[in-house]
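The structure under discussion appears below in the form of structure tokens.
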There are 2 protein chains.
Amino acid sequence: MEELVRRIQEDGNVLSDGVLKVDRFITHQVDPVLMEHIGARLAEVFAEKKITKVVTIEASGIAPAIYAAQSLNAPMIFARKAKSLTMDEELLTSSVYSFTKQVTSTISISRKFLNEQDRVLIVDDFLANGQAAKGLIELCQQAGAQVEGIGIVIEKSFQMGRELLEDMGVPVVSLARIESLENGKVSFKQADA
Amino acid sequence: MEELVRRIQEDGNVLSDGVLKVDRFITHQVDPVLMEHIGARLAEVFAEKKITKVVTIEASGIAPAIYAAQSLNAPMIFARKAKSLTMDEELLTSSVYSFTKQVTSTISISRKFLNEQDRVLIVDDFLANGQAAKGLIELCQQAGAQVEGIGIVIEKSFQMGRELLEDMGVPVVSLARIESLENGKVSFKQADA
């Protein structure tokens with residue numbers, strides 16, 4: 001997605017060989033117009049898949065996911081990273097290891113929101129090691145829902161996430177693919193859409 | 001906002017005299033069409049205020065805030081509830097006490113995203129005791145930004161939040177105002193918009 005690649009070049013900051021900071025337009029301050037375009041593009045790619053639910057994880061997946069859901073005419077569900085006191089019902093839960101924070105956390109979705117009839121598009125802002133997306137796939141599988149695909153805003157292609165998810169049998173579509181962050185410079189691969 | 005009141009009547013669940021659960025369309029599963037209408041309505045109310053930033057707090061404030069920001073042609077910033085390892089820069093921080101979770105947490109926004117020129121609309125899904133919104137106002141004040149108003153999706157008018165915020169000199173606009181949740185029934189007051 002040309003508009004996204006250009007924006008990463010203009011406003012992204014390479015903090016190290018492994019870390020790209022996009023807090024000016026995605027992960028902290030968020031550009032609604034770019035998010036709408038991202039959501040619409042992902043919806044277009046998965047238009048034939050009869051998606052019934054868009055699933056993401058709090059917090060920075062929510063903006064691209066809500067626009068994708070709107071374009072697909074489906075509700076969006078965001079998995080929570082910790083149980084809240086008012087989530088008292090039966091939960092789908094899964095463990096997610098964060099390489100950045102070096103902690104394992106539990107993510108959850110209320111069971112009532114996913115079932116065997118659902119065809120799910122998972123959306124997230126970043127794909128690196130794929131642990132968050134893997135956890136979301138597991139939540140969907142517990143509910144018997146079919147995961148039709150994963151739509152990613154920015155993929156760090158030099159990490160193992162895509163391979164992990166494709167090995168689980170789920171197609172991955174990334175709107176920007178980063179080959180390397182070496183020497184403070186973002187090098188892109190051809191994106192999927 | 002008639003559409004919102006109707007939706008609360010249809011899909012909201014009263015868990016106790018103090019707790020209304022709206023996880024079917026706002027706080028967990030999210031209806032993008034309703035969120036767009038909510039964002040557009042808040043933008044309309046604050047259209048004359050020359051808003052430059054819409055500020056919310058993760059996670060369930062993000063959906064209404066992004067649509068309000070889009071309608072106002074402004075970026076949206078979501079405050080984080082805990083520092084992340086990649087948020088290494090100077091932060092605006094504030095303490096927020098949660099009556100639900102009975103813990104005090106730190107919320108933060110990178111200082112670079114708010115300044116003296118900013119005219120801020122704060123958006124959140126719920127207003128109860130007003131602690132989260134108060135924390136967001138304090139973050140804006142630290143940056144010297146002007147808080148032009150607070151747009152709330154659902155106000156629990158039987159709690160003290162509105163009074164607290166109005167005492168801070170900030171206008172509050174709530175799209176649904178709940179007078180009482182007694183006897184398992186939602187009683188509404190006249191909403192602000």
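Letters A, B, ... go to the chains of the structure tokens in the order shown; residues in each chain start at 1; ligands are counted from 1 in the same order.
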>> If the cut-off is 10 Å, can you tell me the residues of chain B near chain A, counting only C-alpha atoms? I'd like them as a PyMOL selection string.
In response: chain B and resi 15+19-21+23-36+53-55+57-71+73-80+84-87+100-101+109-110+112-113
Selection file, C-alpha atoms, as a CSV table (one decimal), in the first residue's frame:
chain,number,residue,atom,x,y,z
B,15,LEU,CA,-25.6,-6.3,36.1
B,19,VAL,CA,-23.0,-1.6,36.5
B,20,LEU,CA,-24.3,-1.4,32.9
B,21,LYS,CA,-22.7,-3.9,30.5
B,23,ASP,CA,-20.0,-5.3,25.7
B,24,ARG,CA,-22.2,-6.3,22.7
B,25,PHE,CA,-21.7,-3.0,20.9
B,26,ILE,CA,-19.1,-0.8,22.7
B,27,THR,CA,-16.7,-2.2,25.2
B,28,HIS,CA,-15.7,-5.6,23.7
B,29,GLN,CA,-17.7,-6.3,20.5
B,30,VAL,CA,-18.0,-3.0,18.8
B,31,ASP,CA,-20.5,-1.8,16.2
B,32,PRO,CA,-18.6,0.3,13.7
B,33,VAL,CA,-21.7,2.0,12.2
B,34,LEU,CA,-22.9,3.1,15.7
B,35,MET,CA,-19.4,4.3,16.5
B,36,GLU,CA,-19.3,6.3,13.3
B,53,LYS,CA,-6.5,16.9,18.8
B,54,VAL,CA,-8.9,14.3,20.0
B,55,VAL,CA,-7.6,12.6,23.2
B,57,ILE,CA,-7.6,6.5,26.8
B,58,GLU,CA,-7.1,2.9,25.8
B,59,ALA,CA,-9.0,0.7,25.0
B,60,SER,CA,-12.7,1.2,24.6
B,61,GLY,CA,-12.5,4.9,24.1
B,62,ILE,CA,-10.5,4.4,20.8
B,63,ALA,CA,-13.4,3.5,18.5
B,64,PRO,CA,-15.6,6.6,19.3
B,65,ALA,CA,-12.6,8.8,19.4
B,66,ILE,CA,-11.2,7.8,16.0
B,67,TYR,CA,-14.5,8.6,14.3
B,68,ALA,CA,-14.8,11.9,16.1
B,69,ALA,CA,-11.3,12.8,15.1
B,70,GLN,CA,-12.0,11.8,11.5
B,71,SER,CA,-15.0,14.1,11.4
B,73,ASN,CA,-10.2,16.4,10.6
B,74,ALA,CA,-7.8,16.0,13.6
B,75,PRO,CA,-5.5,13.3,14.8
B,76,MET,CA,-6.5,11.1,17.7
B,77,ILE,CA,-4.2,10.3,20.6
B,78,PHE,CA,-4.9,7.5,23.0
B,79,ALA,CA,-3.3,7.7,26.5
B,80,ARG,CA,-1.6,4.5,27.6
B,84,SER,CA,5.8,0.5,27.3
B,85,LEU,CA,9.5,-0.2,26.7
B,86,THR,CA,9.5,1.8,23.5
B,87,MET,CA,7.9,4.9,25.0
B,100,THR,CA,-14.1,-0.8,39.5
B,101,LYS,CA,-10.6,-2.3,39.8
B,109,ILE,CA,0.9,10.6,26.6
B,110,SER,CA,4.2,11.5,24.9
B,112,LYS,CA,5.6,15.8,21.8
B,113,PHE,CA,1.9,15.2,20.8
>> Just want the 8 Å neighbourhood of Ser95 in chain A, counted on only C-alpha atoms, with same-chain residues fewer than 2 positions away dropped. Output as an MDAnalysis selection string.
In response: chainID A and resid 93 97 104:107 135
>> If DSSP is run on the backbone, what residues of range 48-158 of chain A are strand (DSSP E or B)? A reply as a PyMOL selection string would be ideal.
In response: chain A and resi 53-57+76-80+91-98+103-110+119-127+146-156
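Residue nearest Val123 in chain A within the list A:Gln190, A:Ser16, A:Gln9, A:Thr56: A:Thr56 [criterion: smallest interatomic distance, only C-alpha atoms].
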> So how many Å separate CA of Gly151 in chain B and CA of Ile38 in chain A, to one decimal?
Replying inline: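 So the answer is 26.0 Å.
Within 9 Å of range 187-189 of chain B, once only C-alpha atoms are used and residues closer than 3 positions along the same chain are dropped, the contacting residues are Val5, Ser157, Ala176, Arg177, Ile178, Glu179, Ser180, Leu181 and Glu182 of chain B.
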Could you pull out the residues in range 70-175 of chain A that DSSP calls helix (DSSP H, G or I) from the backbone, as an mmCIF file with N, CA and C atoms, in the first residue's frame?
data_model
loop_
_atom_site.group_PDB
_atom_site.id
_atom_site.type_symbol
_atom_site.label_atom_id
_atom_site.label_comp_id
_atom_site.auth_asym_id
_atom_site.auth_seq_id
_atom_site.Cartn_x
_atom_site.Cartn_y
_atom_site.Cartn_z
ATOM 1 N N GLN A 70 -16.062 -1.960 9.488
ATOM 2 C CA GLN A 70 -17.091 -1.117 8.885
ATOM 3 C C GLN A 70 -17.225 -1.402 7.389
ATOM 4 N N SER A 71 -16.097 -1.501 6.708
ATOM 5 C CA SER A 71 -16.126 -1.773 5.259
ATOM 6 C C SER A 71 -16.671 -3.159 4.948
ATOM 7 N N LEU A 72 -16.455 -4.109 5.861
ATOM 8 C CA LEU A 72 -16.939 -5.472 5.652
ATOM 9 C C LEU A 72 -18.348 -5.666 6.207
ATOM 10 N N ARG A 111 -16.865 -15.829 25.140
ATOM 11 C CA ARG A 111 -17.245 -16.926 24.264
ATOM 12 C C ARG A 111 -18.495 -16.607 23.451
ATOM 13 N N LYS A 112 -19.380 -15.815 23.993
ATOM 14 C CA LYS A 112 -20.657 -15.552 23.311
ATOM 15 C C LYS A 112 -20.493 -14.793 21.982
ATOM 16 N N PHE A 113 -19.301 -14.204 21.769
ATOM 17 C CA PHE A 113 -19.133 -13.395 20.556
ATOM 18 C C PHE A 113 -18.547 -14.148 19.373
ATOM 19 N N GLN A 131 3.224 -13.803 17.819
ATOM 20 C CA GLN A 131 2.643 -14.400 19.024
ATOM 21 C C GLN A 131 1.224 -13.888 19.293
ATOM 22 N N ALA A 132 0.999 -12.610 19.094
ATOM 23 C CA ALA A 132 -0.346 -12.059 19.348
ATOM 24 C C ALA A 132 -1.349 -12.645 18.362
ATOM 25 N N ALA A 133 -0.980 -12.682 17.080
ATOM 26 C CA ALA A 133 -1.885 -13.228 16.065
ATOM 27 C C ALA A 133 -2.136 -14.715 16.306
ATOM 28 N N LYS A 134 -1.093 -15.435 16.689
ATOM 29 C CA LYS A 134 -1.252 -16.855 17.022
ATOM 30 C C LYS A 134 -2.260 -17.032 18.162
ATOM 31 N N GLY A 135 -2.152 -16.195 19.187
ATOM 32 C CA GLY A 135 -3.099 -16.252 20.307
ATOM 33 C C GLY A 135 -4.522 -15.973 19.848
ATOM 34 N N LEU A 136 -4.679 -15.014 18.925
ATOM 35 C CA LEU A 136 -6.023 -14.704 18.415
ATOM 36 C C LEU A 136 -6.578 -15.866 17.595
ATOM 37 N N ILE A 137 -5.720 -16.505 16.787
ATOM 38 C CA ILE A 137 -6.166 -17.677 16.025
ATOM 39 C C ILE A 137 -6.649 -18.764 16.982
ATOM 40 N N GLU A 138 -5.896 -18.971 18.059
ATOM 41 C CA GLU A 138 -6.276 -20.004 19.028
ATOM 42 C C GLU A 138 -7.630 -19.708 19.686
ATOM 43 N N LEU A 139 -7.876 -18.435 19.985
ATOM 44 C CA LEU A 139 -9.188 -18.068 20.541
ATOM 45 C C LEU A 139 -10.307 -18.415 19.569
ATOM 46 N N CYS A 140 -10.081 -18.105 18.285
ATOM 47 C CA CYS A 140 -11.098 -18.392 17.262
ATOM 48 C C CYS A 140 -11.310 -19.890 17.134
ATOM 49 N N GLN A 141 -10.204 -20.643 17.141
ATOM 50 C CA GLN A 141 -10.290 -22.099 17.005
ATOM 51 C C GLN A 141 -11.049 -22.721 18.174
ATOM 52 N N GLN A 142 -10.827 -22.198 19.378
ATOM 53 C CA GLN A 142 -11.565 -22.701 20.550
ATOM 54 C C GLN A 142 -13.068 -22.568 20.360
ATOM 55 N N GLY A 161 7.229 -14.194 12.272
ATOM 56 C CA GLY A 161 5.777 -14.236 12.437
ATOM 57 C C GLY A 161 5.006 -14.799 11.252
ATOM 58 N N ARG A 162 5.323 -14.318 10.038
ATOM 59 C CA ARG A 162 4.562 -14.763 8.873
ATOM 60 C C ARG A 162 4.663 -16.276 8.703
ATOM 61 N N GLU A 163 5.870 -16.803 8.842
ATOM 62 C CA GLU A 163 6.067 -18.239 8.660
ATOM 63 C C GLU A 163 5.226 -19.033 9.672
ATOM 64 N N LEU A 164 5.264 -18.573 10.923
ATOM 65 C CA LEU A 164 4.492 -19.230 11.983
ATOM 66 C C LEU A 164 3.003 -19.295 11.637
ATOM 67 N N LEU A 165 2.464 -18.170 11.166
ATOM 68 C CA LEU A 165 1.021 -18.096 10.898
ATOM 69 C C LEU A 165 0.649 -18.884 9.650
ATOM 70 N N GLU A 166 1.494 -18.817 8.626
ATOM 71 C CA GLU A 166 1.216 -19.580 7.408
ATOM 72 C C GLU A 166 1.312 -21.084 7.685
ATOM 73 N N ASP A 167 2.212 -21.456 8.586
ATOM 74 C CA ASP A 167 2.292 -22.867 8.997
ATOM 75 C C ASP A 167 1.013 -23.318 9.717
#
